[in-house]
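Presented below is the structure to which this report refers.
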Amino acid sequence: MKNIVIFGAPGSGKGTQSDLMIEHYGLGHISTGDVLREEIKKGTELGKTAQSYIDKGNLIPDDLMISILAGVYDSFGRGHKGVIFDGFPRTIPQAEALKKMLEERGDKVAAMIELDVPEDELMKRLILRGQQSGRADDNEETIKKRLVVYHSQTQPLIDWYKKEGLHHHINGLGALERIFADICNVIDNL
């Protein structure tokens, strides 16, 4: 089983690369963003709570996210090939909680793959995505807040995963095919 944490700033290509990994390796996928957007769309209590955090550019509380993730992870059943965690963890306490949640199931994270993209490129990608998709959180002011939150709260995860021996750096700028080939090289050698 190859559970993968795909990591990078908003707009770094996590969703795109996750889709390619799902197709190539048959992995499951948990995108916290997609899960939360679905709850918001349905108008659930969770969705309303999540929307209040997202509107301010803040992260969802850890205990709430772990309980959501555990439920989605368990829905894949015991025989799955692995799951891509996309958008989680974003803080060291979340990484510790994810490790604990997986250990309780006899599983673990096999690798953390970091997609590294320069900030000016992230801004361009996210503004374009907002124009194309109509996502309300892809506007310049909110993007800047999200990048500040990313750098201040999630950057320390790189060091945490390095200490765990699971960190793999991928240059996220350039041809999609080259980026994916670099990711495959990591996964194939796990």
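Starting from 1 in every chain, residues are counted up; chains themselves are A, B, ... following the order of the structure tokens, and ligands are numbered from 1 as listed.
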key: alpha helix (DSSP H) residues, from DSSP on the backbone, in region 102-177 of chain A, as number ranges by chain   = A: 102-103, 119-133, 140-149, 156-163, 176-177
inquiry  = What's around Tyr25 (chain A) at 10 Å? Count only C-alpha atoms, leave out sequence neighbours fewer than 5 positions away in its own chain, and write the answer as a PyMOL selection string.
reply    = chain A and resi 2+20+81-82+184+187-188
ask   = In Å, how far is it from CA of Gly130 (chain A) to CA of Lys14 (chain A)?
value =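 Going from CA of Gly130 (chain A) over to CA of Lys14 (chain A), I get 16.0 Å.
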key: 12 Å contact set for Tyr150 (chain A), only C-alpha atoms, chain neighbours under 6 positions out, as a list in words   =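 In the requested form, the answer reads Phe7, Gly8, Ala9, Pro10, Gly11, Ser12, Gly57, Asn58, Leu59, Gly87, Phe88, Pro89, Arg90, Thr91, Glu119, Ile143, Lys144, Pro156, Leu157 and Ile158 of chain A.
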ask   = When distances are computed from only C-alpha atoms, which of A:Ser75, A:Ser133, A:Asn171, A:Ser18 shows the smallest separation from Asp116 (chain A)?
value =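 Under the stated criterion, the closest residue is A:Asn171.
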inquiry  = Using DSSP secondary structure from the backbone, list all strand (DSSP E) positions within region 99-137 of chain A, as a count of residues only.
reply    = 8
query = For the atom pair CA of Val186 (chain A) and CA of His168 (chain A), what is the interatomic distance in Å to one decimal place?
reply =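 Separation of CA of Val186 (chain A) and CA of His168 (chain A): 7.3 Å.
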query = To one decimal place, how far is CA of Val148 (chain A) from CA of Lys56 (chain A) in Å?
reply =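 That distance, rounded to one decimal, is 12.6 Å.
For the set A:Ile84, A:Leu128, A:Leu69, A:Ile54, the residue with the smallest atom-to-atom gap to Ile113 (chain A) is A:Ile84, counting only C-alpha atoms.
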message = With only C-alpha atoms as the counted atoms, please give the residues lying no more than 9 Å from Gln17 (chain A), apart from itself and same-chain residues fewer than 5 positions off, as a PyMOL selection string.
response = chain A and resi 6+22+176+179-180+183
